[in-house]
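Structure file entry_25.txt with compact mmCIF, C-alpha atoms:
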# COMPACT_ATOMS: atom_id res chain seq x y z
CA SER A 126 78.26 100.03 88.94
CA LEU A 127 77.43 103.74 88.93
CA SER A 128 74.79 105.56 86.91
CA GLY A 129 75.48 107.06 83.50
CA ASP A 130 78.90 106.67 81.95
CA ARG A 131 80.75 106.06 85.23
CA GLN A 132 81.56 102.52 86.30
CA LEU A 133 82.74 101.28 89.68
CA LEU A 134 85.49 98.67 89.31
CA THR A 135 86.69 96.49 92.19
CA LYS A 136 89.87 94.47 92.81
CA VAL A 137 91.52 96.09 89.80
CA LYS A 138 94.92 94.99 88.48
CA LEU A 139 96.28 96.88 85.47
CA LEU A 140 99.35 95.72 83.56
CA SER A 141 101.37 97.36 80.82
CA PHE A 142 103.88 95.44 78.72
CA LYS A 143 107.06 96.16 76.81
CA LEU A 144 107.40 95.30 73.14
CA THR A 145 109.26 92.17 74.24
CA GLY A 146 106.14 90.99 76.07
CA GLU A 147 107.68 91.45 79.51
CA PRO A 148 105.67 93.35 82.17
CA GLU A 149 106.52 97.05 82.43
CA LEU A 150 104.16 98.31 85.16
CA VAL A 151 101.73 96.61 87.53
CA ILE A 152 99.01 98.76 89.18
CA GLU A 153 96.67 97.39 91.86
CA VAL A 154 93.71 99.15 93.55
CA PRO A 155 90.87 97.75 95.68
CA GLU A 156 88.37 99.86 93.74
CA CYS A 157 88.25 102.78 91.33
CA VAL A 158 85.85 104.65 89.04
CA TYR A 159 86.13 104.64 85.25
CA ASP A 160 84.55 107.57 83.39
CA GLN A 161 83.82 106.62 79.79
CA ASN A 162 83.32 110.25 78.70
CA THR A 163 86.66 111.55 79.94
CA ARG A 164 88.39 108.15 79.65
CA THR A 165 89.84 108.62 83.13
CA VAL A 166 90.36 106.15 85.96
CA GLY A 167 90.62 107.39 89.53
CA SER A 168 90.05 106.69 93.19
CA PRO A 169 90.55 108.42 96.56
CA GLY A 170 91.56 105.06 98.05
CA PRO A 171 94.85 103.16 98.32
CA LEU A 172 97.00 102.29 95.31
CA GLN A 173 100.08 100.10 94.77
CA VAL A 174 102.38 100.27 91.74
CA GLN A 175 105.57 98.45 90.86
CA SER A 176 107.85 98.16 87.87
CA GLY A 177 107.89 94.91 85.95
CA ASP A 178 111.21 93.86 87.46
CA GLY A 179 110.11 94.81 90.99
CA ARG A 180 113.00 97.23 91.58
CA PHE A 181 110.62 100.20 91.97
CA ARG A 182 107.58 99.96 94.25
CA ILE A 183 105.28 102.77 95.35
CA ALA A 184 102.01 103.15 97.25
CA GLY A 185 99.76 105.99 98.34
CA ASP A 186 96.21 107.24 98.69
CA GLY A 187 94.26 108.58 95.72
CA PHE A 188 95.22 108.46 92.05
CA SER A 189 94.16 109.58 88.57
CA TYR A 190 95.04 108.27 85.13
CA ARG A 191 93.72 109.24 81.69
CA GLN A 192 93.74 106.67 78.89
CA GLY A 193 95.95 107.69 76.00
CA GLU A 194 98.26 109.69 78.26
CA SER A 195 101.38 108.42 79.99
CA ARG A 196 100.98 110.31 83.29
CA VAL A 197 99.79 108.76 86.57
CA VAL A 198 99.33 110.94 89.68
CA ILE A 199 99.25 109.63 93.27
CA SER A 200 97.64 112.29 95.42
CA ASN A 201 98.58 111.69 99.07
CA ARG A 202 100.82 109.91 101.58
CA VAL A 203 103.31 108.50 99.11
CA HIS A 204 105.93 105.94 100.15
CA ALA A 205 108.27 104.17 97.76
CA THR A 206 111.16 101.72 97.58
CA VAL A 207 113.85 102.05 94.91
CA GLU A 208 116.44 99.29 94.49
CA LEU A 209 119.42 100.89 92.76
CA PRO A 210 121.80 98.77 90.67
CA GLY A 211 124.21 96.86 92.87
CA THR A 212 121.88 96.89 95.89
CA ASN A 213 119.34 94.48 97.29
CA ALA A 214 116.13 95.02 99.25
CA ALA A 215 118.10 95.55 102.50
CA GLY A 216 120.04 98.44 100.96
CA ALA A 217 117.15 99.95 99.02
CA LEU A 218 116.35 103.65 98.96
CA LYS A 219 113.13 104.47 100.88
CA ILE A 220 111.28 107.67 99.93
CA THR A 221 108.17 109.43 101.24
CA SER A 222 106.44 112.58 99.95
CA ARG A 223 103.08 114.32 99.91
CA TRP A 224 102.29 113.48 96.25
CA PHE A 225 103.86 111.84 93.22
CA GLU A 226 103.59 111.79 89.43
CA PHE A 227 104.95 109.23 86.98
CA ASP A 228 105.49 109.58 83.22
CA LYS A 229 105.45 106.09 81.75
CA ASP A 230 106.84 107.14 78.36
CA GLN A 231 109.84 108.93 79.86
CA LEU A 232 110.23 106.43 82.73
CA ARG A 233 110.46 109.37 85.12
CA GLY A 234 108.88 109.70 88.55
CA VAL A 235 108.73 112.91 90.57
CA PHE A 236 108.14 113.10 94.33
CA HIS A 237 106.65 116.44 95.38
CA ASP A 238 106.57 118.31 98.70
CA GLU A 239 108.01 117.27 102.06
CA VAL A 240 110.28 114.69 100.48
CA HIS A 241 112.21 112.48 102.89
CA GLY A 242 114.35 109.47 102.10
CA GLY A 243 117.24 107.34 103.11
CA ASP A 244 119.17 104.11 102.77
CA ALA A 245 121.67 102.23 104.92
CA ASP A 246 124.21 105.07 104.64
CA PHE A 247 122.41 108.40 104.29
CA ASP A 248 119.23 110.25 105.23
CA PHE A 249 117.98 113.22 103.17
CA THR A 250 115.22 115.82 102.83
CA CYS A 251 114.31 118.13 99.93
CA GLY A 252 111.36 119.82 98.24
CA GLN A 253 111.27 117.70 95.09
CA LEU A 254 112.99 114.50 93.96
CA SER A 255 112.94 113.02 90.44
CA VAL A 256 114.07 109.50 89.57
CA SER A 257 114.67 108.69 85.90
CA ALA A 258 115.14 105.20 84.54
CA ALA A 259 116.10 103.56 81.28
CA THR A 260 116.25 100.01 80.05
CA ASN A 261 119.75 98.76 80.75
CA GLN A 262 121.19 98.20 77.28
CA ALA A 263 124.04 96.10 78.64
CA GLY A 264 121.44 93.78 80.10
CA ALA A 265 119.14 93.81 77.10
CA ALA A 266 118.56 90.08 77.37
CA THR A 267 116.74 90.61 80.66
CA ASN A 268 115.51 94.11 79.76
CA ARG A 269 115.86 95.15 83.39
CA MET A 270 115.16 98.71 84.41
CA ALA A 271 118.15 100.75 85.64
CA PHE A 272 117.72 103.99 87.60
CA ASP A 273 120.22 106.26 85.89
CA LEU A 274 119.53 109.78 87.14
CA ILE A 275 118.33 111.14 90.50
CA GLU A 276 117.77 114.90 90.91
CA ALA A 277 116.83 116.71 94.14
CA GLU A 278 115.68 120.32 94.31
CA GLY A 279 114.72 122.75 97.06
CA ALA A 280 116.73 122.91 100.30
CA LEU A 281 118.46 119.55 99.93
CA GLU A 282 120.09 118.25 103.10
CA VAL A 283 121.98 114.93 103.34
CA ILE A 284 123.16 113.44 106.65
CA GLY A 285 125.17 110.26 107.27
CA GLN A 286 123.23 107.67 109.26
CA ALA A 287 124.29 107.56 112.93
CA GLY A 288 126.34 104.47 113.63
CA GLY A 289 126.90 103.80 109.91
CA LYS A 290 130.02 104.09 107.81
CA GLN A 291 128.99 107.59 106.70
CA ALA A 292 128.26 108.86 110.24
CA GLY A 293 129.39 112.44 110.81
CA ARG A 294 129.18 113.38 107.15
CA ARG A 295 126.75 116.09 106.10
CA ALA A 296 126.00 118.16 103.00
CA SER A 297 123.40 120.66 101.81
CA ALA A 298 122.61 122.59 98.62
CA GLN A 299 119.76 124.03 96.62
CA ARG A 300 120.03 121.17 94.11
CA GLY A 301 121.65 117.76 93.89
CA VAL A 302 122.25 115.44 90.93
CA TYR A 303 123.38 111.80 90.89
CA ARG A 304 124.41 110.19 87.58
CA ARG A 305 124.84 106.44 87.91
CA SER A 306 126.71 105.95 84.63
CA GLU A 307 129.40 108.43 85.73
CA ALA A 308 129.28 107.53 89.45
CA VAL A 309 129.16 111.28 90.14
CA VAL A 310 127.21 113.30 92.71
CA GLU A 311 126.91 117.07 92.23
CA LEU A 312 125.65 119.62 94.78
CA ILE A 313 124.71 122.91 93.13
CA GLY A 314 123.86 126.27 94.66
CA ASP A 315 125.20 127.33 98.08
CA ALA A 316 126.70 123.89 98.65
CA THR A 317 128.12 123.13 102.11
CA TRP A 318 129.71 119.94 103.44
CA GLU A 319 131.32 118.31 106.45
CA LEU A 320 133.54 115.35 105.57
CA ASP A 321 136.08 113.51 107.74
CA GLY A 322 136.79 116.52 109.93
CA ARG A 323 136.86 118.95 107.02
CA ALA A 324 134.18 121.49 106.13
CA GLY A 325 133.63 123.88 103.25
CA ARG A 326 131.25 125.93 101.18
CA SER A 327 131.09 126.65 97.44
CA ASP A 328 128.64 127.22 94.62
CA ARG A 329 129.19 123.68 93.33
CA LEU A 330 130.57 120.44 94.80
CA THR A 331 131.41 117.35 92.73
CA ALA A 332 132.05 113.97 94.38
CA ARG A 333 133.29 110.97 92.40
CA GLN A 334 132.41 107.67 94.02
CA ALA A 335 135.05 105.54 92.32
CA GLU A 336 137.86 107.85 93.39
CA GLY A 337 136.37 108.81 96.75
CA SER A 338 137.34 112.40 95.92
CA VAL A 339 135.53 115.72 96.38

Please render this file's structure as structure tokens.
Amino acid sequence: SLSGDRQLLTKVKLLSFKLTGEPELVIEVPECVYDQNTRTVGSPGPLQVQSGDGRFRIAGDGFSYRQGESRVVISNRVHATVELPGTNAAGALKITSRWFEFDKDQLRGVFHDEVHGGDADFDFTCGQLSVSAATNQAGAATNRMAFDLIEAEGALEVIGQAGGKQAGRRASAQRGVYRRSEAVVELIGDATWELDGRAGRSDRLTARQAEGSV
């Protein structure tokens, strides 16, 4: 332990639960310091977090959390895995960034600075990426978490993976929005694209997955 009101904790595992009793978040750190005066927990060392259903996993170096607040900040070298509905671990979205913040009450995570990500089909970069989730009402019996909204801001660029089914496709914009419930992707602000031998530019581009139209 440390002197005064600061305590050194080792092999820490923190769990939060939903009203149903199911796990909501699992946080694991080798060691951290708890300050009784400020009611904060933090560490410069490694941290691992995952959602209760395991579909969202994130790790990084350094974190801070204040009791009574819903916000957790991971300070450095963030890397995450997001399994979107209809995908498995092999098709999961991988994301890295310089730092990350998560609001537990809003179920919203934001990746900040030098954001890079990709899945089996696409690779992308941007300045900031937010992932919002909600409990899937249709699957209320399992209370699984569904990632419903993904928003990218700041020099977004998306490129089809070489050798994949989206190879040769490319798009860029100042902002991008994906709404799972509508199966719609929007590129907003100086949007450009290259698609199946066609290319264009506009202020806004809307792509509907179900129809395969742009």

- prompt: Near stretch 143-156 of chain A, within 8 Å and counting only C-alpha atoms, which residues show up once chain neighbours fewer than 4 positions away are dropped, as a list in words?
  reply: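 The residues that qualify are Leu133, Leu134, Thr135, Lys136, Val137, Lys138, Leu139, Ser168, Gly170, Pro171, Leu172, Gln173, Val174, Gln175, Ser176, Gly177 and Asp178 of chain A.
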
- prompt: Got a sec: who's within 9 Å of A:Glu194, counting all atoms listed in the file, leaving out chain neighbours fewer than 5 positions off, as a PyMOL selection string?
  reply: chain A and resi 228-230

- request: Name all residues at most 6 Å from stretch 304-316 of chain A (count only C-alpha atoms; drop same-chain ones fewer than 6 positions away) and give them as a ChimeraX atom specification.
  value: /A:273-274,297-298,326-334

Residues within 12 Å of A:Gly289, all atoms listed in the file, excluding chain neighbours under 6 positions, as a ChimeraX atom specification: /A:244-248

What would the file look like if the residues just selected were written as a CSV table (one decimal), in the frame of the given file with C-alpha atoms?
chain,number,residue,atom,x,y,z
A,244,ASP,CA,119.2,104.1,102.8
A,245,ALA,CA,121.7,102.2,104.9
A,246,ASP,CA,124.2,105.1,104.6
A,247,PHE,CA,122.4,108.4,104.3
A,248,ASP,CA,119.2,110.2,105.2

For A:Cys251, the nearest of the candidates A:Gly322, A:Gly234, A:Pro169, A:Gly301, counting all atoms listed in the file: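 Checking each candidate against A:Cys251, we get A:Gly301 as the closest.
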
message: What's the separation between atom CA of A:Val235 and atom CA of A:Ala184, in Å to one decimal place?
response: 13.6 Å

- prompt: Separation of atom CA of A:Leu281 and atom CA of A:Phe227, in Å?
  reply: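 Spanning atom CA of A:Leu281 to atom CA of A:Phe227 is a straight-line distance of 21.4 Å.
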
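From atom CA of A:Phe142 back to atom CA of A:Gly167, the distance works out to 20.9 Å.
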
- line: Of A:Gly243, A:Gly252, A:Gly193, A:Gly325, the one sitting nearest A:Glu208 when using only C-alpha atoms is A:Gly243

- request: Find the spatial neighbours of A:Glu226, counting all atoms listed in the file, within a cut-off of 10 Å - ignore same-chain residues fewer than 5 positions away - and output them as a VMD selection string.
  value: chain A and resid 188 to 189 196 to 200 233 to 237 255

Store the residues picked out above in a file with C-alpha atoms, as a short mmCIF file (atom, residue, chain, number, x, y, z; two decimals), keeping the file's coordinate frame.
data_model
loop_
_atom_site.label_atom_id
_atom_site.label_comp_id
_atom_site.auth_asym_id
_atom_site.auth_seq_id
_atom_site.Cartn_x
_atom_site.Cartn_y
_atom_site.Cartn_z
CA PHE A 188 95.22 108.46 92.05
CA SER A 189 94.16 109.58 88.57
CA ARG A 196 100.98 110.31 83.29
CA VAL A 197 99.79 108.76 86.57
CA VAL A 198 99.33 110.94 89.68
CA ILE A 199 99.25 109.63 93.27
CA SER A 200 97.64 112.29 95.42
CA ARG A 233 110.46 109.37 85.12
CA GLY A 234 108.88 109.70 88.55
CA VAL A 235 108.73 112.91 90.57
CA PHE A 236 108.14 113.10 94.33
CA HIS A 237 106.65 116.44 95.38
CA SER A 255 112.94 113.02 90.44
#

As a PDB file, keeping the file's coordinate frame, could you write out stretch 240-254 of chain A once it has been completed with N, CA, C and O atoms?
ATOM      1  N   VAL A 240     109.618 115.926 100.881  1.00  0.00           N
ATOM      2  CA  VAL A 240     110.280 114.690 100.480  1.00  0.00           C
ATOM      3  C   VAL A 240     111.309 114.283 101.543  1.00  0.00           C
ATOM      4  O   VAL A 240     112.119 115.098 101.987  1.00  0.00           O
ATOM      5  N   HIS A 241     111.249 113.025 101.923  1.00  0.00           N
ATOM      6  CA  HIS A 241     112.210 112.480 102.890  1.00  0.00           C
ATOM      7  C   HIS A 241     112.613 111.091 102.414  1.00  0.00           C
ATOM      8  O   HIS A 241     111.779 110.330 101.922  1.00  0.00           O
ATOM      9  N   GLY A 242     113.900 110.784 102.546  1.00  0.00           N
ATOM     10  CA  GLY A 242     114.350 109.470 102.100  1.00  0.00           C
ATOM     11  C   GLY A 242     115.619 109.055 102.792  1.00  0.00           C
ATOM     12  O   GLY A 242     116.238 109.820 103.541  1.00  0.00           O
ATOM     13  N   GLY A 243     116.010 107.815 102.529  1.00  0.00           N
ATOM     14  CA  GLY A 243     117.240 107.340 103.110  1.00  0.00           C
ATOM     15  C   GLY A 243     117.504 105.896 102.745  1.00  0.00           C
ATOM     16  O   GLY A 243     116.624 105.173 102.269  1.00  0.00           O
ATOM     17  N   ASP A 244     118.769 105.497 102.945  1.00  0.00           N
ATOM     18  CA  ASP A 244     119.170 104.110 102.770  1.00  0.00           C
ATOM     19  C   ASP A 244     120.058 103.730 103.943  1.00  0.00           C
ATOM     20  O   ASP A 244     120.022 104.384 104.988  1.00  0.00           O
ATOM     21  N   ALA A 245     120.848 102.687 103.809  1.00  0.00           N
ATOM     22  CA  ALA A 245     121.670 102.230 104.920  1.00  0.00           C
ATOM     23  C   ALA A 245     122.749 103.241 105.316  1.00  0.00           C
ATOM     24  O   ALA A 245     123.231 103.222 106.452  1.00  0.00           O
ATOM     25  N   ASP A 246     123.099 104.143 104.386  1.00  0.00           N
ATOM     26  CA  ASP A 246     124.210 105.070 104.640  1.00  0.00           C
ATOM     27  C   ASP A 246     123.772 106.497 104.923  1.00  0.00           C
ATOM     28  O   ASP A 246     124.379 107.187 105.749  1.00  0.00           O
ATOM     29  N   PHE A 247     122.755 106.992 104.211  1.00  0.00           N
ATOM     30  CA  PHE A 247     122.410 108.400 104.290  1.00  0.00           C
ATOM     31  C   PHE A 247     120.907 108.614 104.506  1.00  0.00           C
ATOM     32  O   PHE A 247     120.078 107.777 104.137  1.00  0.00           O
ATOM     33  N   ASP A 248     120.594 109.772 105.080  1.00  0.00           N
ATOM     34  CA  ASP A 248     119.230 110.250 105.230  1.00  0.00           C
ATOM     35  C   ASP A 248     119.166 111.615 104.556  1.00  0.00           C
ATOM     36  O   ASP A 248     120.117 112.390 104.641  1.00  0.00           O
ATOM     37  N   PHE A 249     118.046 111.934 103.861  1.00  0.00           N
ATOM     38  CA  PHE A 249     117.980 113.220 103.170  1.00  0.00           C
ATOM     39  C   PHE A 249     116.566 113.782 103.184  1.00  0.00           C
ATOM     40  O   PHE A 249     115.579 113.055 103.339  1.00  0.00           O
ATOM     41  N   THR A 250     116.486 115.115 103.007  1.00  0.00           N
ATOM     42  CA  THR A 250     115.220 115.820 102.830  1.00  0.00           C
ATOM     43  C   THR A 250     115.393 116.830 101.698  1.00  0.00           C
ATOM     44  O   THR A 250     116.496 117.338 101.459  1.00  0.00           O
ATOM     45  N   CYS A 251     114.297 117.116 100.991  1.00  0.00           N
ATOM     46  CA  CYS A 251     114.310 118.130  99.930  1.00  0.00           C
ATOM     47  C   CYS A 251     112.874 118.466  99.565  1.00  0.00           C
ATOM     48  O   CYS A 251     111.928 117.855 100.069  1.00  0.00           O
ATOM     49  N   GLY A 252     112.709 119.430  98.661  1.00  0.00           N
ATOM     50  CA  GLY A 252     111.360 119.820  98.240  1.00  0.00           C
ATOM     51  C   GLY A 252     110.815 118.971  97.121  1.00  0.00           C
ATOM     52  O   GLY A 252     109.603 118.730  97.036  1.00  0.00           O
ATOM     53  N   GLN A 253     111.693 118.507  96.237  1.00  0.00           N
ATOM     54  CA  GLN A 253     111.270 117.700  95.090  1.00  0.00           C
ATOM     55  C   GLN A 253     112.388 116.746  94.699  1.00  0.00           C
ATOM     56  O   GLN A 253     113.563 117.117  94.711  1.00  0.00           O
ATOM     57  N   LEU A 254     112.011 115.516  94.347  1.00  0.00           N
ATOM     58  CA  LEU A 254     112.990 114.500  93.960  1.00  0.00           C
ATOM     59  C   LEU A 254     112.480 113.781  92.715  1.00  0.00           C
ATOM     60  O   LEU A 254     111.361 113.266  92.695  1.00  0.00           O
TER      61      LEU A 254
END
